[in-house]
>>> print(open('protein-v3.cif').read())   # mmCIF, C-alpha atoms (C1' of nucleotides)
data_work
loop_
_atom_site.group_PDB
_atom_site.id
_atom_site.type_symbol
_atom_site.label_atom_id
_atom_site.label_comp_id
_atom_site.auth_asym_id
_atom_site.auth_seq_id
_atom_site.Cartn_x
_atom_site.Cartn_y
_atom_site.Cartn_z
ATOM 1 C CA MET A 1 10.757 0.579 12.299
ATOM 2 C CA LEU A 2 7.689 1.348 14.322
ATOM 3 C CA SER A 3 5.403 3.794 12.515
ATOM 4 C CA LYS A 4 4.351 7.005 14.223
ATOM 5 C CA LYS A 5 0.814 5.779 13.883
ATOM 6 C CA THR A 6 1.510 2.829 16.145
ATOM 7 C CA LYS A 7 3.653 4.843 18.502
ATOM 8 C CA TYR A 8 1.003 7.524 18.905
ATOM 9 C CA GLY A 9 -1.722 4.939 19.235
ATOM 10 C CA LEU A 10 0.082 3.129 22.022
ATOM 11 C CA LYS A 11 0.828 6.380 23.805
ATOM 12 C CA ALA A 12 -2.794 7.440 23.606
ATOM 13 C CA LEU A 13 -3.973 4.078 24.922
ATOM 14 C CA ALA A 14 -1.442 4.254 27.739
ATOM 15 C CA TYR A 15 -2.695 7.731 28.544
ATOM 16 C CA MET A 16 -6.239 6.456 28.893
ATOM 17 C CA ALA A 17 -5.078 3.484 30.910
ATOM 18 C CA ARG A 18 -3.498 5.830 33.421
ATOM 19 C CA LEU A 19 -6.800 7.480 34.241
ATOM 20 C CA GLU A 20 -8.529 5.751 37.100
ATOM 21 C CA ASP A 21 -12.047 6.872 36.219
ATOM 22 C CA LYS A 22 -13.630 5.700 33.007
ATOM 23 C CA GLN A 23 -14.653 9.168 31.862
ATOM 24 C CA PRO A 24 -14.232 9.854 28.141
ATOM 25 C CA VAL A 25 -11.106 11.800 27.198
ATOM 26 C CA GLN A 26 -11.119 14.183 24.293
ATOM 27 C CA ILE A 27 -8.706 13.757 21.409
ATOM 28 C CA ALA A 28 -7.442 17.294 21.916
ATOM 29 C CA THR A 29 -6.523 16.594 25.522
ATOM 30 C CA ILE A 30 -4.417 13.586 24.594
ATOM 31 C CA ALA A 31 -2.916 15.296 21.557
ATOM 32 C CA GLU A 32 -1.771 18.226 23.642
ATOM 33 C CA SER A 33 -0.465 16.186 26.525
ATOM 34 C CA GLU A 34 1.446 13.759 24.317
ATOM 35 C CA ASN A 35 2.541 16.211 21.624
ATOM 36 C CA ILE A 36 0.712 14.514 18.801
ATOM 37 C CA SER A 37 -0.808 16.155 15.731
ATOM 38 C CA LEU A 38 -4.524 16.489 16.480
ATOM 39 C CA LYS A 39 -5.809 15.443 13.094
ATOM 40 C CA PHE A 40 -3.470 12.500 12.872
ATOM 41 C CA LEU A 41 -4.430 11.247 16.304
ATOM 42 C CA GLU A 42 -8.055 11.650 15.310
ATOM 43 C CA SER A 43 -7.702 9.075 12.554
ATOM 44 C CA ILE A 44 -5.721 6.737 14.761
ATOM 45 C CA LEU A 45 -8.293 6.700 17.546
ATOM 46 C CA LEU A 46 -10.988 6.179 14.974
ATOM 47 C CA THR A 47 -9.383 2.978 13.738
ATOM 48 C CA LEU A 48 -8.887 1.831 17.321
ATOM 49 C CA ARG A 49 -12.565 2.370 17.937
ATOM 50 C CA LYS A 50 -13.582 0.505 14.804
ATOM 51 C CA SER A 51 -11.384 -2.395 15.864
ATOM 52 C CA GLY A 52 -13.132 -2.612 19.208
ATOM 53 C CA PHE A 53 -10.507 -1.238 21.571
ATOM 54 C CA LEU A 54 -12.194 2.048 22.276
ATOM 55 C CA GLY A 55 -15.674 3.357 22.837
ATOM 56 C CA SER A 56 -16.627 6.901 21.996
ATOM 57 C CA LYS A 57 -19.139 9.551 22.891
ATOM 58 C CA LYS A 58 -19.997 12.543 20.753
ATOM 59 C CA GLY A 59 -20.925 16.007 21.904
ATOM 60 C CA LYS A 60 -20.110 17.839 25.098
ATOM 61 C CA GLY A 61 -18.452 15.671 27.700
ATOM 62 C CA GLY A 62 -17.709 13.187 24.998
ATOM 63 C CA GLY A 63 -14.461 11.598 23.936
ATOM 64 C CA TYR A 64 -12.848 8.201 23.855
ATOM 65 C CA TYR A 65 -12.592 5.567 26.567
ATOM 66 C CA LEU A 66 -11.207 2.051 26.953
ATOM 67 C CA LEU A 67 -13.716 -0.734 26.588
ATOM 68 C CA LYS A 68 -11.811 -3.124 28.828
ATOM 69 C CA GLU A 69 -9.590 -3.032 31.872
ATOM 70 C CA PRO A 70 -6.006 -2.074 30.967
ATOM 71 C CA LYS A 71 -4.765 -5.410 32.285
ATOM 72 C CA ASP A 72 -7.080 -7.199 29.839
ATOM 73 C CA ILE A 73 -5.824 -5.360 26.777
ATOM 74 C CA LYS A 74 -2.828 -7.189 25.349
ATOM 75 C CA ILE A 75 -0.307 -5.453 23.128
ATOM 76 C CA SER A 76 -0.217 -7.889 20.208
ATOM 77 C CA PRO A 77 -3.690 -7.188 18.788
ATOM 78 C CA ILE A 78 -3.029 -3.463 19.004
ATOM 79 C CA MET A 79 0.186 -3.937 17.069
ATOM 80 C CA ARG A 80 -1.573 -5.959 14.408
ATOM 81 C CA ILE A 81 -4.247 -3.319 13.910
ATOM 82 C CA LEU A 82 -1.962 -0.303 13.825
ATOM 83 C CA GLU A 83 1.318 -1.677 12.511
ATOM 84 C CA GLY A 84 0.229 -4.763 10.618
ATOM 85 C CA PRO A 85 2.173 -8.028 10.819
ATOM 86 C CA ILE A 86 4.416 -8.587 13.812
ATOM 87 C CA ALA A 87 6.722 -10.865 11.822
ATOM 88 C CA MET A 88 9.529 -9.235 9.880
ATOM 89 C CA VAL A 89 8.746 -11.272 6.798
ATOM 90 C CA PRO A 90 5.331 -12.288 5.403
ATOM 91 C CA CYS A 91 6.350 -15.928 5.038
ATOM 92 C CA VAL A 92 6.591 -16.349 8.814
ATOM 93 C CA SER A 93 3.560 -14.268 9.714
ATOM 94 C CA LEU A 94 0.799 -16.078 11.572
ATOM 95 C CA ASN A 95 -1.922 -13.564 10.764
ATOM 96 C CA PHE A 96 -0.718 -12.078 7.490
ATOM 97 C CA TYR A 97 0.963 -15.025 5.809
ATOM 98 C CA GLU A 98 2.184 -14.652 2.256
ATOM 99 C CA LYS A 99 4.455 -16.891 0.240
ATOM 100 C CA CYS A 100 7.736 -15.492 -1.066
ATOM 101 C CA ASP A 101 8.198 -15.167 -4.820
ATOM 102 C CA ASP A 102 11.733 -16.408 -4.606
ATOM 103 C CA CYS A 103 12.198 -19.372 -2.272
ATOM 104 C CA PRO A 104 10.876 -22.655 -3.659
ATOM 105 C CA ASP A 105 11.185 -24.319 -0.250
ATOM 106 C CA GLU A 106 10.529 -22.343 2.915
ATOM 107 C CA ASN A 107 12.029 -24.906 5.231
ATOM 108 C CA ALA A 108 15.296 -24.736 3.353
ATOM 109 C CA CYS A 109 15.442 -20.955 3.584
ATOM 110 C CA ALA A 110 18.011 -19.572 6.006
ATOM 111 C CA VAL A 111 16.182 -16.281 6.435
ATOM 112 C CA HIS A 112 12.858 -17.986 7.016
ATOM 113 C CA ASN A 113 14.058 -20.009 9.958
ATOM 114 C CA LEU A 114 15.893 -17.094 11.510
ATOM 115 C CA MET A 115 12.825 -14.911 11.253
ATOM 116 C CA ILE A 116 10.672 -17.517 12.933
ATOM 117 C CA GLU A 117 12.862 -17.207 15.986
ATOM 118 C CA ILE A 118 12.601 -13.434 15.946
ATOM 119 C CA ARG A 119 8.859 -13.607 15.551
ATOM 120 C CA ASP A 120 8.471 -15.968 18.469
ATOM 121 C CA SER A 121 10.547 -13.934 20.867
ATOM 122 C CA THR A 122 8.781 -10.727 19.872
ATOM 123 C CA LEU A 123 5.387 -12.329 20.104
ATOM 124 C CA ASN A 124 6.265 -13.701 23.489
ATOM 125 C CA ILE A 125 6.609 -10.169 24.774
ATOM 126 C CA PHE A 126 3.617 -8.645 22.994
ATOM 127 C CA ASN A 127 1.349 -11.500 24.025
ATOM 128 C CA ASN A 128 2.266 -11.332 27.669
ATOM 129 C CA LYS A 129 2.168 -7.609 28.145
ATOM 130 C CA SER A 130 -0.957 -5.575 28.688
ATOM 131 C CA LEU A 131 -1.656 -1.869 28.716
ATOM 132 C CA ALA A 132 -1.454 -2.054 32.495
ATOM 133 C CA ASP A 133 2.163 -3.169 32.217
ATOM 134 C CA LEU A 134 3.058 -0.151 30.150
ATOM 135 C CA ILE A 135 2.214 2.445 32.750
ATOM 136 C CA MET B 136 9.356 -5.382 7.846
ATOM 137 C CA LEU B 137 12.606 -6.763 6.563
ATOM 138 C CA SER B 138 13.654 -5.127 3.297
ATOM 139 C CA LYS B 139 14.371 -7.256 0.259
ATOM 140 C CA LYS B 140 17.851 -5.842 0.342
ATOM 141 C CA THR B 141 18.536 -7.443 3.715
ATOM 142 C CA LYS B 142 16.733 -10.617 2.813
ATOM 143 C CA TYR B 143 18.679 -11.040 -0.417
ATOM 144 C CA GLY B 144 21.915 -10.122 1.304
ATOM 145 C CA LEU B 145 21.431 -12.762 3.985
ATOM 146 C CA LYS B 146 20.489 -15.360 1.420
ATOM 147 C CA ALA B 147 23.564 -14.605 -0.639
ATOM 148 C CA LEU B 148 25.803 -14.808 2.408
ATOM 149 C CA ALA B 149 24.192 -18.080 3.424
ATOM 150 C CA TYR B 150 24.786 -19.369 -0.082
ATOM 151 C CA MET B 151 28.465 -18.609 0.171
ATOM 152 C CA ALA B 152 28.654 -20.096 3.648
ATOM 153 C CA ARG B 153 27.324 -23.367 2.296
ATOM 154 C CA LEU B 154 30.257 -23.789 -0.061
ATOM 155 C CA GLU B 155 33.067 -25.716 1.534
ATOM 156 C CA ASP B 156 35.831 -24.363 -0.700
ATOM 157 C CA LYS B 157 36.716 -20.707 -0.593
ATOM 158 C CA GLN B 158 36.538 -20.189 -4.346
ATOM 159 C CA PRO B 159 34.944 -16.923 -5.479
ATOM 160 C CA VAL B 160 31.321 -17.151 -6.572
ATOM 161 C CA GLN B 161 29.958 -14.965 -9.307
ATOM 162 C CA ILE B 162 27.028 -12.680 -8.691
ATOM 163 C CA ALA B 163 25.141 -14.264 -11.573
ATOM 164 C CA THR B 164 25.457 -17.714 -10.051
ATOM 165 C CA ILE B 165 23.940 -16.612 -6.757
ATOM 166 C CA ALA B 166 21.304 -14.489 -8.446
ATOM 167 C CA GLU B 167 20.134 -17.383 -10.534
ATOM 168 C CA SER B 168 20.199 -19.943 -7.764
ATOM 169 C CA GLU B 169 18.358 -17.718 -5.281
ATOM 170 C CA ASN B 170 16.009 -15.994 -7.737
ATOM 171 C CA ILE B 171 17.309 -12.522 -7.117
ATOM 172 C CA SER B 172 17.484 -9.670 -9.609
ATOM 173 C CA LEU B 173 21.065 -9.613 -10.852
ATOM 174 C CA LYS B 174 21.577 -5.880 -10.801
ATOM 175 C CA PHE B 175 20.016 -5.501 -7.396
ATOM 176 C CA LEU B 176 22.164 -8.244 -5.905
ATOM 177 C CA GLU B 177 25.152 -6.592 -7.505
ATOM 178 C CA SER B 178 24.696 -3.453 -5.434
ATOM 179 C CA ILE B 179 23.997 -5.442 -2.278
ATOM 180 C CA LEU B 180 27.169 -7.488 -2.536
ATOM 181 C CA LEU B 181 29.091 -4.334 -3.229
ATOM 182 C CA THR B 182 28.010 -2.786 0.062
ATOM 183 C CA LEU B 183 28.809 -6.013 1.858
ATOM 184 C CA ARG B 184 32.279 -5.912 0.395
ATOM 185 C CA LYS B 185 32.768 -2.278 1.339
ATOM 186 C CA SER B 186 31.710 -3.096 4.893
ATOM 187 C CA GLY B 187 34.313 -5.820 5.132
ATOM 188 C CA PHE B 188 32.205 -8.953 4.985
ATOM 189 C CA LEU B 189 33.208 -10.015 1.513
ATOM 190 C CA GLY B 190 36.306 -10.072 -0.620
ATOM 191 C CA SER B 191 36.151 -9.880 -4.402
ATOM 192 C CA LYS B 192 38.138 -10.771 -7.475
ATOM 193 C CA LYS B 193 37.637 -9.307 -10.910
ATOM 194 C CA GLY B 194 37.985 -11.033 -14.252
ATOM 195 C CA LYS B 195 37.676 -14.672 -15.180
ATOM 196 C CA GLY B 196 37.374 -16.992 -12.229
ATOM 197 C CA GLY B 197 36.524 -13.971 -10.104
ATOM 198 C CA GLY B 198 33.563 -13.290 -7.874
ATOM 199 C CA TYR B 199 32.824 -12.761 -4.190
ATOM 200 C CA TYR B 200 33.947 -14.791 -1.209
ATOM 201 C CA LEU B 201 33.589 -14.663 2.556
ATOM 202 C CA LEU B 202 36.476 -13.103 4.443
ATOM 203 C CA LYS B 203 35.861 -15.083 7.620
ATOM 204 C CA GLU B 204 34.622 -18.471 8.676
ATOM 205 C CA PRO B 205 30.810 -18.637 8.641
ATOM 206 C CA LYS B 206 30.797 -19.384 12.371
ATOM 207 C CA ASP B 207 32.691 -16.134 13.000
ATOM 208 C CA ILE B 208 30.219 -13.939 11.123
ATOM 209 C CA LYS B 209 27.459 -12.859 13.466
ATOM 210 C CA ILE B 210 24.070 -11.711 12.180
ATOM 211 C CA SER B 211 23.745 -8.418 14.023
ATOM 212 C CA PRO B 212 26.435 -6.463 12.147
ATOM 213 C CA ILE B 213 25.008 -7.671 8.845
ATOM 214 C CA MET B 214 21.579 -6.444 9.891
ATOM 215 C CA ARG B 215 22.954 -3.059 10.872
ATOM 216 C CA ILE B 216 24.696 -2.614 7.531
ATOM 217 C CA LEU B 217 21.856 -3.749 5.311
ATOM 218 C CA GLU B 218 18.754 -2.932 7.335
ATOM 219 C CA GLY B 219 19.926 -0.170 9.636
ATOM 220 C CA PRO B 220 18.905 -0.023 13.298
ATOM 221 C CA ILE B 221 17.781 -3.230 14.958
ATOM 222 C CA ALA B 222 15.596 -1.360 17.427
ATOM 223 C CA MET B 223 12.050 -0.534 16.353
ATOM 224 C CA VAL B 224 12.382 3.030 17.547
ATOM 225 C CA PRO B 225 15.405 5.355 17.329
ATOM 226 C CA CYS B 226 15.173 6.330 21.007
ATOM 227 C CA VAL B 227 16.100 2.796 22.090
ATOM 228 C CA SER B 228 18.718 2.148 19.442
ATOM 229 C CA LEU B 229 22.228 1.445 20.683
ATOM 230 C CA ASN B 230 23.977 2.248 17.426
ATOM 231 C CA PHE B 231 21.600 4.724 15.815
ATOM 232 C CA TYR B 232 20.214 6.604 18.807
ATOM 233 C CA GLU B 233 18.005 9.606 18.212
ATOM 234 C CA LYS B 234 15.805 11.516 20.603
ATOM 235 C CA CYS B 235 12.060 11.676 19.970
ATOM 236 C CA ASP B 236 10.488 15.038 19.159
ATOM 237 C CA ASP B 237 7.524 14.332 21.349
ATOM 238 C CA CYS B 238 8.426 12.697 24.663
ATOM 239 C CA PRO B 239 10.001 15.080 27.183
ATOM 240 C CA ASP B 240 11.046 12.183 29.416
ATOM 241 C CA GLU B 241 12.097 8.880 27.884
ATOM 242 C CA ASN B 242 11.926 6.942 31.111
ATOM 243 C CA ALA B 243 8.317 7.939 31.544
ATOM 244 C CA CYS B 244 7.389 6.796 28.035
ATOM 245 C CA ALA B 245 5.369 3.615 27.844
ATOM 246 C CA VAL B 246 6.459 2.847 24.305
ATOM 247 C CA HIS B 247 10.105 3.454 25.076
ATOM 248 C CA ASN B 248 10.275 0.861 27.814
ATOM 249 C CA LEU B 249 8.339 -1.687 25.828
ATOM 250 C CA MET B 250 10.628 -1.255 22.867
ATOM 251 C CA ILE B 251 13.718 -1.755 25.010
ATOM 252 C CA GLU B 252 12.462 -5.213 25.828
ATOM 253 C CA ILE B 253 11.848 -5.997 22.178
ATOM 254 C CA ARG B 254 15.266 -4.726 21.222
ATOM 255 C CA ASP B 255 16.984 -6.841 23.846
ATOM 256 C CA SER B 256 15.249 -10.050 22.885
ATOM 257 C CA THR B 257 15.899 -9.469 19.195
ATOM 258 C CA LEU B 258 19.501 -8.544 19.789
ATOM 259 C CA ASN B 259 19.941 -11.622 21.897
ATOM 260 C CA ILE B 260 19.164 -13.724 18.859
ATOM 261 C CA PHE B 261 21.103 -11.738 16.277
ATOM 262 C CA ASN B 262 24.173 -11.537 18.516
ATOM 263 C CA ASN B 263 24.291 -15.226 19.212
ATOM 264 C CA LYS B 264 23.657 -16.511 15.733
ATOM 265 C CA SER B 265 26.269 -16.787 13.002
ATOM 266 C CA LEU B 266 26.074 -17.530 9.315
ATOM 267 C CA ALA B 267 26.985 -21.103 10.165
ATOM 268 C CA ASP B 268 23.799 -21.414 12.223
ATOM 269 C CA LEU B 269 21.682 -20.352 9.259
ATOM 270 C CA ILE B 270 22.578 -23.226 6.994
ATOM 271 C "C1'" DC C 271 48.399 -7.579 -27.394
ATOM 272 C "C1'" DA C 272 43.461 -8.544 -27.642
ATOM 273 C "C1'" DA C 273 39.384 -10.590 -26.280
ATOM 274 C "C1'" DA C 274 36.612 -12.175 -22.825
ATOM 275 C "C1'" DT C 275 35.197 -12.017 -18.155
ATOM 276 C "C1'" DA C 276 33.282 -10.083 -14.095
ATOM 277 C "C1'" DA C 277 33.241 -6.653 -10.591
ATOM 278 C "C1'" DT C 278 32.687 -1.346 -9.966
ATOM 279 C "C1'" DC C 279 30.407 2.940 -10.212
ATOM 280 C "C1'" DT C 280 26.963 6.576 -11.271
ATOM 281 C "C1'" DA C 281 22.541 7.653 -12.091
ATOM 282 C "C1'" DG C 282 17.851 7.273 -12.858
ATOM 283 C "C1'" DT C 283 12.948 5.397 -12.650
ATOM 284 C "C1'" DT C 284 8.757 3.854 -10.733
ATOM 285 C "C1'" DA C 285 5.467 2.856 -7.357
ATOM 286 C "C1'" DA C 286 4.086 2.707 -2.829
ATOM 287 C "C1'" DC C 287 3.661 4.481 1.595
ATOM 288 C "C1'" DC C 288 4.007 7.629 5.629
ATOM 289 C "C1'" DG C 289 2.684 11.476 8.110
ATOM 290 C "C1'" DA C 290 -0.081 15.112 8.048
ATOM 291 C "C1'" DT C 291 -3.906 18.303 6.744
ATOM 292 C "C1'" DA C 292 -8.527 20.172 4.999
ATOM 293 C "C1'" DG C 293 -13.156 20.472 5.287
ATOM 294 C "C1'" DG C 294 -17.400 19.140 5.964
ATOM 295 C "C1'" DA C 295 -21.038 15.648 8.034
ATOM 296 C "C1'" DT C 296 -23.089 13.698 11.975
ATOM 297 C "C1'" DA C 297 -24.588 13.181 16.615
ATOM 298 C "C1'" DA C 298 -25.198 14.571 21.453
ATOM 299 C "C1'" DA C 299 -25.671 17.795 25.156
ATOM 300 C "C1'" DT C 300 -27.123 22.386 26.919
ATOM 301 C "C1'" DA D 301 -30.560 26.437 18.155
ATOM 302 C "C1'" DT D 302 -26.012 26.451 19.432
ATOM 303 C "C1'" DT D 303 -22.043 24.433 20.926
ATOM 304 C "C1'" DT D 304 -19.147 20.508 21.325
ATOM 305 C "C1'" DA D 305 -16.697 16.764 19.661
ATOM 306 C "C1'" DT D 306 -16.447 12.621 16.947
ATOM 307 C "C1'" DC D 307 -16.856 10.777 12.095
ATOM 308 C "C1'" DC D 308 -15.543 10.450 7.348
ATOM 309 C "C1'" DT D 309 -13.465 11.227 2.790
ATOM 310 C "C1'" DA D 310 -10.042 13.047 0.104
ATOM 311 C "C1'" DT D 311 -5.743 14.854 -0.855
ATOM 312 C "C1'" DC D 312 -0.814 15.918 -0.856
ATOM 313 C "C1'" DG D 313 4.195 16.520 -0.275
ATOM 314 C "C1'" DG D 314 8.066 13.969 0.843
ATOM 315 C "C1'" DT D 315 10.580 9.903 1.313
ATOM 316 C "C1'" DT D 316 12.052 5.361 0.493
ATOM 317 C "C1'" DA D 317 12.188 0.659 -1.612
ATOM 318 C "C1'" DA D 318 13.175 -2.008 -5.380
ATOM 319 C "C1'" DC D 319 14.881 -2.267 -9.340
ATOM 320 C "C1'" DT D 320 17.181 -0.903 -14.028
ATOM 321 C "C1'" DA D 321 20.613 1.180 -17.537
ATOM 322 C "C1'" DG D 322 24.765 1.876 -19.103
ATOM 323 C "C1'" DA D 323 29.422 2.727 -19.014
ATOM 324 C "C1'" DT D 324 34.056 1.764 -16.656
ATOM 325 C "C1'" DT D 325 37.802 -0.744 -14.628
ATOM 326 C "C1'" DA D 326 40.559 -4.629 -13.511
ATOM 327 C "C1'" DT D 327 41.993 -9.420 -14.366
ATOM 328 C "C1'" DT D 328 42.753 -13.550 -16.866
ATOM 329 C "C1'" DT D 329 43.498 -16.207 -21.007
ATOM 330 C "C1'" DG D 330 44.468 -17.197 -26.039
#
>>> encode(input="protein-v3.cif", output="structure tokens")
Amino acid sequence: MLSKKTKYGLKALAYMARLEDKQPVQIATIAESENISLKFLESILLTLRKSGFLGSKKGKGGGYYLLKEPKDIKISPIMRILEGPIAMVPCVSLNFYEKCDDCPDENACAVHNLMIEIRDSTLNIFNNKSLADLI
Amino acid sequence: MLSKKTKYGLKALAYMARLEDKQPVQIATIAESENISLKFLESILLTLRKSGFLGSKKGKGGGYYLLKEPKDIKISPIMRILEGPIAMVPCVSLNFYEKCDDCPDENACAVHNLMIEIRDSTLNIFNNKSLADLI
DNA sequence: CAAATAATCTAGTTAACCGATAGGATAAAT
DNA sequence: ATTTATCCTATCGGTTAACTAGATTATTTG
């Protein structure tokens, strides 16, 4: 299940991608337009800024703005920042790998091999889609 | 993230699929072989029986057994029973649909359309794989 | 019949996490 | 100096995941 955090984050990024000018947008504007809790969105955009997706400006006329062209912002890194691993199981995660407690031999594990397939097909979509494709 | 419940359930089913004879297997045997908590596996196999995947026999020589040939047991219904919706978001779920609170127009939602693609590619795998393919 | 076997059922515990909120600190513009 | 808007820390209620306890029921075997 996709967390609300990720869902809201993607929606906010898509909102910014839709704007042709690169003027900063205020949190409140996005929150209202997309029906997102203001305070919650605040923390989400903050993490997106700290991870290098967004720039920000304080004070009047301030807000958040995309640091790159929408077409150059792929979905997978956003997912990894907001949602965590893309794989359904840590033992097939490329960026968040963790060995299973059970399972002496990964290659012999039925679930492992199935989940590799799922990971690859999911990754194939997230890697090849940009913010520009979402709007 | 795949729950342990689903993971253990799939592993147990794969275990049974590997046996050529259709003799009942005891919970304890599977639990030990696959390093799964006995009591937890107990409740998992019970739900799988109630959903029609497994048959059971009580008393000596009893246990659980598959009701169909491994090649005739697809992954998707197992996932739906143990894990719930396959879609990452309720608004794109085929079997567990639910409207989003935010989002006045689904077709205009960036996340919605992205998640439809993910659902389809995932479903494509789960629908076309059987227990026999896992082993 | 009685003892052993193994599934069935009900219920509870514990820890982690999600979504949201509160309240003040900081920085920039007017 | 005042307003505007991000930044930051902390907290909290609710839910769920993962597991555990203990008693019951049904079946087989001696």
>>> resolve_selection(input="protein-v3.cif", expression="the PyMOL selection byres ((chain C) within 9 of (chain A))", output="list in words")
DC288, DG289, DA290, DT291, DA297, DA298, DA299 and DT300 of chain C
>>> atom_distance(input="protein-v3.cif", atom1="atom CA of Ala267 of chain B", atom2="atom CA of Lys206 of chain B")
4.7 Å
>>> interface_residues(input="protein-v3.cif", of="chain A", to="chain D", cutoff="12 Å", atoms="only C-alpha atoms (C1' of nucleotides)", output="PDB file with C-alpha atoms, keeping the file's coordinate frame")
ATOM      1  CA  PRO A  24     -14.232   9.854  28.141  1.00  0.00           C
ATOM      2  CA  VAL A  25     -11.106  11.800  27.198  1.00  0.00           C
ATOM      3  CA  GLN A  26     -11.119  14.183  24.293  1.00  0.00           C
ATOM      4  CA  ILE A  27      -8.706  13.757  21.409  1.00  0.00           C
ATOM      5  CA  ALA A  28      -7.442  17.294  21.916  1.00  0.00           C
ATOM      6  CA  THR A  29      -6.523  16.594  25.522  1.00  0.00           C
ATOM      7  CA  LYS A  39      -5.809  15.443  13.094  1.00  0.00           C
ATOM      8  CA  GLU A  42      -8.055  11.650  15.310  1.00  0.00           C
ATOM      9  CA  SER A  43      -7.702   9.075  12.554  1.00  0.00           C
ATOM     10  CA  LEU A  45      -8.293   6.700  17.546  1.00  0.00           C
ATOM     11  CA  LEU A  46     -10.988   6.179  14.974  1.00  0.00           C
ATOM     12  CA  THR A  47      -9.383   2.978  13.738  1.00  0.00           C
ATOM     13  CA  ARG A  49     -12.565   2.370  17.937  1.00  0.00           C
ATOM     14  CA  LYS A  50     -13.582   0.505  14.804  1.00  0.00           C
ATOM     15  CA  GLY A  55     -15.674   3.357  22.837  1.00  0.00           C
ATOM     16  CA  SER A  56     -16.627   6.901  21.996  1.00  0.00           C
ATOM     17  CA  LYS A  57     -19.139   9.551  22.891  1.00  0.00           C
ATOM     18  CA  LYS A  58     -19.997  12.543  20.753  1.00  0.00           C
ATOM     19  CA  GLY A  59     -20.925  16.007  21.904  1.00  0.00           C
ATOM     20  CA  LYS A  60     -20.110  17.839  25.098  1.00  0.00           C
ATOM     21  CA  GLY A  61     -18.452  15.671  27.700  1.00  0.00           C
ATOM     22  CA  GLY A  62     -17.709  13.187  24.998  1.00  0.00           C
ATOM     23  CA  GLY A  63     -14.461  11.598  23.936  1.00  0.00           C
ATOM     24  CA  TYR A  64     -12.848   8.201  23.855  1.00  0.00           C
TER      25      TYR A  64
END
>>> resolve_selection(input="protein-v3.cif", expression="the PyMOL selection byres ((chain B) within 6 of (chain A))", output="list in words")
Met136, Leu137, Asn170, Met223, Val224, Asp237, Ala245, Leu269 and Ile270 of chain B
>>> atom_distance(input="protein-v3.cif", atom1="atom CA of Glu106 of chain A", atom2="atom CA of Glu83 of chain A")
24.6 Å
>>> residues_around(input="protein-v3.cif", residues="Ser265 of chain B", least_positions_apart="6", cutoff="9 Å", atoms="only C-alpha atoms (C1' of nucleotides)", output="list in words")
Pro205, Lys206, Asp207, Ile208, Lys209, Ile210 and Ser211 of chain B
>>> atom_distance(input="protein-v3.cif", atom1="atom CA of Cys91 of chain A", atom2="atom CA of Asp105 of chain A")
11.0 Å
